[in-house]
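Shown here: coords12.cif, mmCIF, C-alpha atoms.
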```cif
data_upload
loop_
_atom_site.label_atom_id
_atom_site.label_comp_id
_atom_site.auth_asym_id
_atom_site.auth_seq_id
_atom_site.Cartn_x
_atom_site.Cartn_y
_atom_site.Cartn_z
CA MET H 4 51.02 31.84 45.15
CA LYS H 5 54.10 34.04 45.28
CA LYS H 6 57.30 32.06 44.91
CA THR H 7 60.96 32.84 45.48
CA ILE H 8 62.81 31.98 42.26
CA LEU H 9 66.51 32.11 41.44
CA VAL H 10 67.43 32.65 37.78
CA THR H 11 71.04 32.32 36.64
CA GLY H 12 72.10 33.92 33.38
CA ALA H 13 69.50 36.60 34.07
CA SER H 14 71.33 39.26 32.08
CA GLY H 15 71.10 37.26 28.84
CA THR H 16 68.32 37.49 26.27
CA LEU H 17 66.57 34.32 27.48
CA GLY H 18 67.20 35.16 31.13
CA GLY H 19 65.68 38.60 30.68
CA SER H 20 62.51 37.15 29.17
CA VAL H 21 62.21 34.56 31.94
CA CYS H 22 62.74 37.11 34.70
CA LYS H 23 60.21 39.47 33.13
CA LYS H 24 57.63 36.68 32.98
CA PHE H 25 58.18 35.74 36.61
CA VAL H 26 58.01 39.34 37.82
CA GLU H 27 54.78 39.90 35.87
CA SER H 28 53.39 36.78 37.55
CA GLY H 29 54.04 38.30 40.96
CA HIS H 30 57.00 36.21 42.06
CA GLN H 31 60.10 37.26 43.98
CA VAL H 32 62.91 36.94 41.45
CA ILE H 33 66.61 36.75 42.30
CA GLY H 34 68.87 36.94 39.27
CA THR H 35 72.57 36.41 38.73
CA GLY H 36 74.71 37.49 35.81
CA ARG H 37 78.20 38.51 34.73
CA SER H 38 77.07 42.00 33.63
CA VAL H 39 75.96 44.87 35.84
CA GLY H 40 72.29 45.59 36.28
CA PRO H 41 69.06 43.57 36.31
CA PRO H 42 67.01 42.95 33.16
CA VAL H 43 63.86 43.90 35.11
CA GLN H 44 63.86 46.60 37.77
CA GLN H 45 61.42 44.82 40.10
CA MET H 46 63.88 42.03 40.91
CA GLU H 47 66.97 41.41 42.97
CA PHE H 48 70.19 41.09 40.96
CA HIS H 49 73.70 39.91 41.84
CA GLN H 50 76.83 40.05 39.72
CA LEU H 51 78.39 36.64 40.22
CA ASP H 52 80.91 34.23 38.70
CA LEU H 53 79.17 30.88 38.95
CA THR H 54 82.26 28.94 37.89
CA LYS H 55 83.77 29.71 41.31
CA GLU H 56 82.41 27.32 43.94
CA GLU H 57 83.31 29.44 46.97
CA GLU H 58 81.62 32.48 45.45
CA VAL H 59 78.42 30.49 44.90
CA GLN H 60 78.52 29.12 48.45
CA LYS H 61 78.93 32.63 49.88
CA PHE H 62 76.04 33.85 47.73
CA PHE H 63 73.72 31.12 49.02
CA ARG H 64 74.65 31.83 52.62
CA SER H 65 73.52 35.42 52.06
CA LEU H 66 70.25 34.24 50.50
CA GLN H 67 69.52 31.90 53.40
CA LYS H 68 69.81 34.83 55.82
CA LYS H 69 67.29 36.81 53.81
CA TYR H 70 64.74 34.21 52.62
CA ASP H 71 62.94 31.35 54.37
CA GLY H 72 63.40 29.08 51.37
CA LEU H 73 63.87 28.75 47.64
CA ASP H 74 60.95 27.50 45.58
CA ALA H 75 62.82 27.17 42.28
CA ALA H 76 66.22 27.52 40.65
CA VAL H 77 66.15 28.14 36.89
CA LEU H 78 69.66 27.59 35.56
CA LEU H 79 70.10 29.45 32.27
CA ALA H 80 73.77 30.48 32.53
CA GLY H 81 76.06 28.96 29.90
CA GLY H 82 77.94 29.45 26.68
CA PHE H 83 78.22 28.16 23.12
CA ALA H 84 81.12 27.25 20.86
CA LEU H 85 81.57 25.69 17.44
CA GLY H 86 84.15 22.98 16.88
CA GLY H 87 84.27 19.31 15.94
CA LEU H 88 86.61 16.52 16.96
CA SER H 89 89.55 17.79 14.91
CA THR H 90 89.51 21.25 16.52
CA THR H 91 88.34 20.41 20.03
CA GLY H 92 91.15 19.96 22.52
CA GLU H 93 91.32 20.03 26.30
CA HIS H 94 91.09 23.82 26.49
CA GLU H 95 87.88 23.90 24.46
CA LEU H 96 86.39 21.06 26.50
CA GLN H 97 87.29 22.70 29.80
CA THR H 98 85.83 26.04 28.72
CA MET H 99 82.46 24.56 27.78
CA TYR H 100 82.48 22.28 30.83
CA GLN H 101 82.97 25.25 33.13
CA LEU H 102 80.38 27.47 31.45
CA ASN H 103 77.65 24.88 30.92
CA PHE H 104 78.14 22.21 33.57
CA LEU H 105 80.03 23.69 36.50
CA THR H 106 77.90 26.83 36.65
CA ALA H 107 74.79 24.66 36.85
CA TYR H 108 76.31 22.11 39.23
CA HIS H 109 77.52 24.68 41.76
CA VAL H 110 74.10 26.32 41.96
CA ALA H 111 72.07 23.08 41.82
CA ARG H 112 74.13 21.59 44.64
CA GLN H 113 73.42 24.52 46.95
CA ALA H 114 69.78 24.82 45.89
CA PHE H 115 69.13 21.09 46.34
CA THR H 116 70.60 21.08 49.84
CA TRP H 117 68.55 24.11 50.84
CA MET H 118 65.34 22.69 49.35
CA LYS H 119 65.79 19.44 51.26
CA ASP H 120 65.66 21.43 54.50
CA THR H 121 62.69 23.61 53.54
CA GLY H 122 60.11 21.29 52.01
CA GLY H 123 61.16 20.89 48.39
CA GLY H 124 61.26 22.88 45.18
CA ASN H 125 62.06 22.78 41.47
CA ILE H 126 65.41 22.82 39.70
CA ILE H 127 65.35 23.50 35.96
CA PHE H 128 68.40 22.95 33.77
CA THR H 129 68.91 24.22 30.23
CA GLY H 130 69.87 21.40 27.90
CA ALA H 131 70.59 21.58 24.17
CA LYS H 132 69.25 19.72 21.15
CA PRO H 133 72.74 18.67 19.89
CA ALA H 134 73.35 16.94 23.22
CA ILE H 135 70.57 14.38 22.70
CA GLU H 136 69.90 14.36 18.95
CA LYS H 137 71.99 13.71 15.84
CA GLY H 138 74.29 16.47 14.64
CA GLY H 139 76.29 17.16 17.78
CA GLU H 140 79.79 16.56 16.38
CA PRO H 141 80.22 20.08 14.87
CA VAL H 142 79.62 21.50 18.36
CA LEU H 143 81.35 18.70 20.23
CA ALA H 144 82.44 20.45 23.46
CA TYR H 145 79.12 22.25 23.73
CA ALA H 146 77.12 19.06 23.20
CA LEU H 147 79.19 17.06 25.69
CA SER H 148 78.95 19.70 28.40
CA LYS H 149 75.20 20.10 27.93
CA GLY H 150 74.72 16.33 27.87
CA GLN H 151 76.04 16.07 31.41
CA LEU H 152 73.11 18.16 32.64
CA PHE H 153 70.64 15.44 31.66
CA HIS H 154 72.57 12.94 33.78
CA LEU H 155 72.77 15.38 36.71
CA SER H 156 69.03 16.02 36.53
CA LYS H 157 68.34 12.29 36.61
CA LEU H 158 70.59 11.80 39.64
CA LEU H 159 68.89 14.65 41.50
CA ASN H 160 65.48 13.14 40.80
CA GLU H 161 66.61 9.78 42.13
CA SER H 162 67.25 11.25 45.58
CA GLY H 163 64.99 14.29 45.43
CA GLY H 164 61.63 12.56 45.17
CA GLU H 165 61.30 11.84 48.88
CA HIS H 166 62.07 15.51 49.58
CA ASN H 167 59.52 16.91 47.11
CA ILE H 168 62.25 18.14 44.76
CA VAL H 169 61.68 17.82 41.02
CA SER H 170 64.49 18.37 38.53
CA SER H 171 63.64 19.22 34.92
CA VAL H 172 65.45 19.96 31.68
CA ILE H 173 64.21 22.48 29.13
CA VAL H 174 65.77 21.77 25.71
CA PRO H 175 65.65 24.60 23.18
CA SER H 176 66.78 24.29 19.59
CA ILE H 177 67.91 27.61 18.05
CA ILE H 178 66.69 30.56 20.12
CA ASP H 179 65.64 33.67 18.23
CA THR H 180 68.08 36.20 19.68
CA PRO H 181 69.88 39.19 18.10
CA SER H 182 73.23 37.39 18.36
CA ASN H 183 71.92 34.28 16.60
CA ARG H 184 70.36 36.36 13.83
CA SER H 185 73.65 38.16 13.36
CA ALA H 186 75.56 34.87 13.21
CA MET H 187 73.08 33.27 10.78
CA PRO H 188 71.68 36.10 8.63
CA ASN H 189 70.30 33.77 5.92
CA ALA H 190 68.42 31.45 8.27
CA SER H 191 64.65 31.08 8.50
CA TYR H 192 63.93 32.87 11.76
CA SER H 193 60.29 31.78 11.77
CA GLU H 194 61.40 28.24 12.62
CA TRP H 195 63.35 29.34 15.67
CA VAL H 196 62.02 29.43 19.22
CA SER H 197 61.44 32.80 20.85
CA PRO H 198 62.75 33.52 24.36
CA GLU H 199 59.21 34.44 25.36
CA ASN H 200 57.93 31.02 24.31
CA ILE H 201 60.61 29.26 26.33
CA ALA H 202 59.73 31.48 29.29
CA GLU H 203 56.12 30.31 29.00
CA HIS H 204 57.19 26.65 29.19
CA ILE H 205 59.42 27.30 32.20
CA THR H 206 56.60 29.15 33.93
CA TYR H 207 54.35 26.14 33.34
CA LEU H 208 56.90 23.81 34.95
CA LEU H 209 56.64 25.89 38.12
CA SER H 210 52.84 26.09 38.10
CA ASP H 211 50.36 24.04 40.13
CA ASN H 212 49.31 22.28 36.91
CA ALA H 213 52.76 20.68 36.63
CA THR H 214 52.97 19.21 40.12
CA THR H 215 52.30 15.66 38.84
CA LEU H 216 55.20 15.75 36.37
CA ARG H 217 58.25 13.66 37.21
CA GLU H 218 61.67 13.95 35.57
CA PRO H 219 60.27 16.15 32.77
CA VAL H 220 62.30 16.94 29.67
CA PHE H 221 60.68 19.63 27.50
CA LYS H 222 61.93 19.65 23.90
CA VAL H 223 61.21 23.17 22.69
CA TYR H 224 62.41 22.73 19.13
CA GLY H 225 59.93 24.72 17.06
CA GLY H 226 60.72 24.03 13.41
CA ALA H 227 64.49 24.05 13.83
#
```

Written form, C-alpha cells:
Amino acid sequence: MKKTILVTGASGTLGGSVCKKFVESGHQVIGTGRSVGPPVQQMEFHQLDLTKEEEVQKFFRSLQKKYDGLDAAVLLAGGFALGGLSTTGEHELQTMYQLNFLTAYHVARQAFTWMKDTGGGNIIFTGAKPAIEKGGEPVLAYALSKGQLFHLSKLLNESGGEHNIVSSVIVPSIIDTPSNRSAMPNASYSEWVSPENIAEHITYLLSDNATTLREPVFKVYGGA
C-alpha cells in the first residue's frame, strides 16, 4: 500500500539511500534538508531549518493542506562532533542538542499530533551506539543529545499506543559513508554498516510484517 512518508536529513548520504528505497517501493516521499535539491527526483523536497520551531510548524501546516495524513516520519537529520568532558562546554552541548534532539523533537511533535487525528502512524528516530553502550565519553555532547531520543521515543509510545502510533529507534554504529572513510582512512570498512542496509531495516519497520512490534529499538551495529 502506498504510504506518505516524511524523511528529514534527506540530502545526506543515509537520507538519500532511505528516500531512494521508499520511492522504489512506490511510496510518496517528502524530504527535508539544508541543501538545495532532492536526492531522488521522484520525491517532494523542502529546504528547511528544523532547529527553528516556527519554521517546522509552518511546514506542517502546508503539508496538512496537501495530504490527508502522514503514515510515517523518519527522522535522520543530525550532526556529529568529537569531544570528551574536558573539551565539552555549554556551546558544544547546545550545538549537538539543537542538531540531534531539537530537530527531531520539533518534527516528532507535529507528526505525532497529526497522526493522532488521522488514525496513527510510525515515528522513527536515529539513535547512536555511543548513547547506549560503553565508549561515549570521547563523543560526550553527541552521545548525550542522541540519548535523549530514546527517552522521547519511550514517552511517545506511552501515549501513542491508544492512537495506533508506534515510535522506534534505529541505532547505527559507524555508517559507511565517504565522509567517514575520509576521516578514518585506516579503518576496516567491511565492518561498517552501509546506508542501504539501514534503509532496508527502516523499510521493514514500516511494513505490514512489523505491525506487531512495540517500542522497537534496532541495533544495526554490523561488526563495528

Residue members of the PyMOL selection byres ((chain H and resi 158) around 12) in the file shown, as number ranges by chain: H: 108, 111-112, 115, 151-157, 159-164, 168-171, 218

The PyMOL selection byres ((chain H and resi 4) around 9) resolved against shown file, as a VMD selection string: chain H and resid 5 to 6 29 to 30

Atom CA of Ala144 of chain H to atom CA of Glu95 of chain H, straight-line distance in Å: 6.5 Å

Residue IDs satisfying the PyMOL selection byres ((chain H and resi 25) around 12), as number ranges by chain: H: 4-10, 13, 18-24, 26-34, 42-43, 45-46, 75, 77, 199, 202-207, 209-210

Near-segment 61-72 of chain H list (7 Å; only C-alpha atoms; drop same-chain fewer than 3 positions) as an NGL selection string: :H and (57-58 or 113 or 118 or 121)

Proximity to Thr11 of chain H - best of H:Ile178, H:Leu96, H:Leu85, H:Ile126, all atoms listed in the file: H:Ile126

Proximity to Ala84 of chain H - best of H:Thr35, H:Asn200, H:Ser148, H:Ser185, all atoms listed in the file: H:Ser148

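Comparing the minimum interatomic distances between Ala114 of chain H and each of H:Ile127, H:Leu73, H:Ala146, H:Ala186, counting all atoms listed in the file, we find that H:Leu73 sits nearest.
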